[in-house]
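J.: The structure is given below, and queries will be raised subsequently.
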Amino acid sequence: MTRTSIATVNSCINERDDVVLSPEQYREALSRFPSGVTVVVTKDADGISRGFTASAFTAVSQDPPLVLVCLTKTADCYPAFVTASKFAIHIASEDNVELATRFATKGAEKFAGNDFDSHPDGLPALRGATARLSCSLYARHDGGDHDILVGRVETVQLGRGNAPAVYHDRKFRKLAPLGR
Ligand SMILES: Cc1cc2nc3c(=O)[nH]c(=O)nc-3n(C[C@H](O)[C@H](O)[C@H](O)COP(=O)(O)O)c2cc1C
């Protein structure tokens, strides 16, 4: 492991101590970043649906319309995404939390339920999602133990105002307005 120095901040006395970054500290720091939740799907070379839950999703470019999602190289669905020329990203709603948990579970029967419709792009469409982005693969980059999949957004489908799911501090949460 690369020995990286980070600083811990003592909020009471505002002192900073340099420490060596451990995997636990790295994960702990990132767990403090709240994110949305996506469910990413594709089909493998045999036409079988595959997918995973991802919070490592971001908009990249408006022109052309690009987004990215990061996929761990150890995922069972990784080979499917290596060969796929298209994938779909669903922004999960509060109603999709149980499904997002299933899609984050290795070995789960991810498409066993009645959660998906068919879509003209040939990939499953998650019911109740806040939005769905139909993507063609634009670029793939190495990202350490992850691949960075850059998708060109071909079409979008908007949900009917369902509230998005949020992930923070290792828990699914709801968005709440700030007082005023
Ligand atoms: C809220 C949440 C967000 C996640 N984000 C990602 C992510 O951005 N990239 C990733 O590769 N795995 C992420 N995971 C873990 C994968 O969903 C999980 O490892 C999945 O089972 C991998 O697919 P597999 O079942 O095909 O191995 C996340 C899990 C959760 C619960």
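Residues in the structure tokens are numbered from 1 in each chain, the chains being A, B, ... in the order shown, and ligands are numbered from 1 in the order shown.
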What does the list of residues within 9 Å of ligand 1 look like if you count only C-alpha atoms and all ligand atoms, written as number ranges by chain?

T.: A: 35-39, 50-57, 69-78, 100-108, 110, 146-147, 166-168, 170-172

J.: Looking only at strand (DSSP E) from DSSP on the backbone, list the matching residues of range 4-168 of chain A as a VMD selection string.

T.: chain A and resid 5 to 9 16 to 20 35 to 36 38 to 43 49 to 54 57 to 61 66 to 72 86 to 91 116 to 118 124 to 126 131 to 143 146 to 158 165 to 168

J.: Between A:Ile148, A:Val153, A:Leu158, A:Ala80, which is the closest to Thr130 in chain A once you count only C-alpha atoms?

T.: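 Nearest to Thr130 in chain A: A:Leu158.
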
J.: Near Phe87 in chain A, counting only C-alpha atoms, which residues have an atom at most 12 Å away, once you skip same-chain residues fewer than 3 positions from it, shown as JSON, numbers by chain?

T.: {"A": [39, 40, 41, 42, 43, 44, 49, 50, 51, 52, 67, 68, 69, 80, 81, 82, 83, 84, 90, 119, 121, 122, 123, 124, 125, 132, 133, 134, 135, 136, 137, 138, 149, 150, 151, 152, 153, 154, 155]}

J.: What would the file look like if the residues just selected were written as a short mmCIF file (atom, residue, chain, number, x, y, z; two decimals), in the first residue's frame with C-alpha atoms?

T.:
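The new file result-v3.cif reads:
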data_model
loop_
_atom_site.label_atom_id
_atom_site.label_comp_id
_atom_site.auth_asym_id
_atom_site.auth_seq_id
_atom_site.Cartn_x
_atom_site.Cartn_y
_atom_site.Cartn_z
CA VAL A 39 -28.75 0.69 -10.02
CA VAL A 40 -26.75 -0.05 -13.16
CA VAL A 41 -27.81 -2.80 -15.56
CA THR A 42 -26.58 -4.39 -18.74
CA LYS A 43 -26.77 -7.74 -20.55
CA ASP A 44 -23.92 -10.19 -20.89
CA SER A 49 -29.32 -9.33 -17.40
CA ARG A 50 -26.59 -8.27 -14.95
CA GLY A 51 -26.30 -5.33 -12.62
CA PHE A 52 -25.02 -3.74 -9.44
CA VAL A 67 -21.81 10.38 -17.13
CA LEU A 68 -19.51 7.99 -15.34
CA VAL A 69 -19.93 5.09 -12.99
CA ALA A 80 -20.61 -8.47 -18.52
CA PHE A 81 -19.71 -4.78 -18.31
CA VAL A 82 -16.35 -5.44 -20.01
CA THR A 83 -18.09 -6.71 -23.14
CA ALA A 84 -21.19 -4.50 -23.02
CA HIS A 90 -31.31 4.12 -12.71
CA HIS A 119 -37.24 -0.89 -22.51
CA ASP A 121 -32.92 -0.03 -25.61
CA GLY A 122 -33.16 -3.78 -24.90
CA LEU A 123 -32.15 -3.47 -21.23
CA PRO A 124 -34.32 -3.79 -18.11
CA ALA A 125 -36.03 -0.65 -16.80
CA ARG A 132 -33.27 6.27 -16.04
CA LEU A 133 -30.33 7.05 -18.31
CA SER A 134 -29.84 4.84 -21.33
CA CYS A 135 -26.11 4.90 -22.18
CA SER A 136 -23.77 3.70 -24.88
CA LEU A 137 -20.21 3.01 -23.78
CA TYR A 138 -18.13 6.11 -24.60
CA LEU A 149 -17.21 3.44 -17.29
CA VAL A 150 -18.04 6.60 -19.19
CA GLY A 151 -21.45 6.46 -20.79
CA ARG A 152 -22.89 8.67 -23.48
CA VAL A 153 -26.49 9.32 -22.47
CA GLU A 154 -28.70 8.44 -25.44
CA THR A 155 -32.14 8.85 -23.87
#

J.: Could you jot down the CA of Ser61 in chain A to CA of Val156 in chain A separation for me, Å, one decimal place?

T.: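 Spanning CA of Ser61 in chain A to CA of Val156 in chain A is a straight-line distance of 15.1 Å.
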
J.: What is the CA of Ala139 in chain A-CA of Val60 in chain A distance in Å, reported with one decimal?

T.: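 Interatomic distance, CA of Ala139 in chain A to CA of Val60 in chain A: 11.9 Å.
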
J.: What parts of range 2-170 of chain A does DSSP call alpha helix (DSSP H)? I'd like the answer as a ChimeraX atom specification.

T.: /A:23-31,78-83,97-102

J.: Export, as a CSV table (one decimal), in the first residue's frame, the selected residues with N, CA and C atoms.

T.:
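Result saved to result-v4.csv:
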chain,number,residue,atom,x,y,z
A,23,PRO,N,-6.7,1.7,5.2
A,23,PRO,CA,-7.9,1.5,4.5
A,23,PRO,C,-9.1,1.8,5.3
A,24,GLU,N,-9.1,1.6,6.6
A,24,GLU,CA,-10.3,1.9,7.4
A,24,GLU,C,-10.5,3.5,7.4
A,25,GLN,N,-9.4,4.2,7.6
A,25,GLN,CA,-9.6,5.7,7.6
A,25,GLN,C,-10.1,6.2,6.3
A,26,TYR,N,-9.6,5.6,5.2
A,26,TYR,CA,-10.0,6.0,3.9
A,26,TYR,C,-11.5,5.7,3.7
A,27,ARG,N,-12.0,4.5,4.1
A,27,ARG,CA,-13.4,4.2,4.0
A,27,ARG,C,-14.2,5.1,4.9
A,28,GLU,N,-13.7,5.3,6.1
A,28,GLU,CA,-14.4,6.2,7.1
A,28,GLU,C,-14.6,7.6,6.5
A,29,ALA,N,-13.6,8.1,6.0
A,29,ALA,CA,-13.7,9.5,5.4
A,29,ALA,C,-14.7,9.5,4.3
A,30,LEU,N,-14.7,8.5,3.4
A,30,LEU,CA,-15.6,8.5,2.3
A,30,LEU,C,-17.1,8.3,2.7
A,31,SER,N,-17.2,7.5,3.9
A,31,SER,CA,-18.6,7.3,4.4
A,31,SER,C,-19.3,8.6,4.8
A,78,TYR,N,-18.8,-7.9,-13.5
A,78,TYR,CA,-17.7,-7.2,-14.2
A,78,TYR,C,-17.5,-7.7,-15.6
A,79,PRO,N,-17.4,-9.0,-15.8
A,79,PRO,CA,-17.2,-9.5,-17.2
A,79,PRO,C,-18.3,-9.0,-18.2
A,80,ALA,N,-19.5,-8.9,-17.7
A,80,ALA,CA,-20.6,-8.5,-18.5
A,80,ALA,C,-20.4,-7.0,-18.9
A,81,PHE,N,-19.9,-6.2,-18.0
A,81,PHE,CA,-19.7,-4.8,-18.3
A,81,PHE,C,-18.5,-4.6,-19.2
A,82,VAL,N,-17.5,-5.5,-19.2
A,82,VAL,CA,-16.4,-5.4,-20.0
A,82,VAL,C,-16.7,-5.6,-21.5
A,83,THR,N,-17.7,-6.5,-21.7
A,83,THR,CA,-18.1,-6.7,-23.1
A,83,THR,C,-19.3,-5.8,-23.6
A,97,VAL,N,-35.1,1.0,-2.4
A,97,VAL,CA,-34.0,0.7,-1.4
A,97,VAL,C,-33.8,-0.8,-1.3
A,98,GLU,N,-34.9,-1.6,-1.2
A,98,GLU,CA,-34.8,-3.0,-1.0
A,98,GLU,C,-34.1,-3.6,-2.2
A,99,LEU,N,-34.5,-3.2,-3.4
A,99,LEU,CA,-33.8,-3.7,-4.6
A,99,LEU,C,-32.4,-3.3,-4.7
A,100,ALA,N,-32.1,-2.0,-4.3
A,100,ALA,CA,-30.7,-1.6,-4.3
A,100,ALA,C,-29.8,-2.4,-3.3
A,101,THR,N,-30.4,-2.8,-2.2
A,101,THR,CA,-29.7,-3.7,-1.3
A,101,THR,C,-29.4,-5.0,-1.9
A,102,ARG,N,-30.4,-5.5,-2.6
A,102,ARG,CA,-30.2,-6.8,-3.3
A,102,ARG,C,-29.2,-6.7,-4.4

J.: Quick one, how far is CA of Glu94 in chain A from CA of Arg173 in chain A?

T.: 8.1 Å
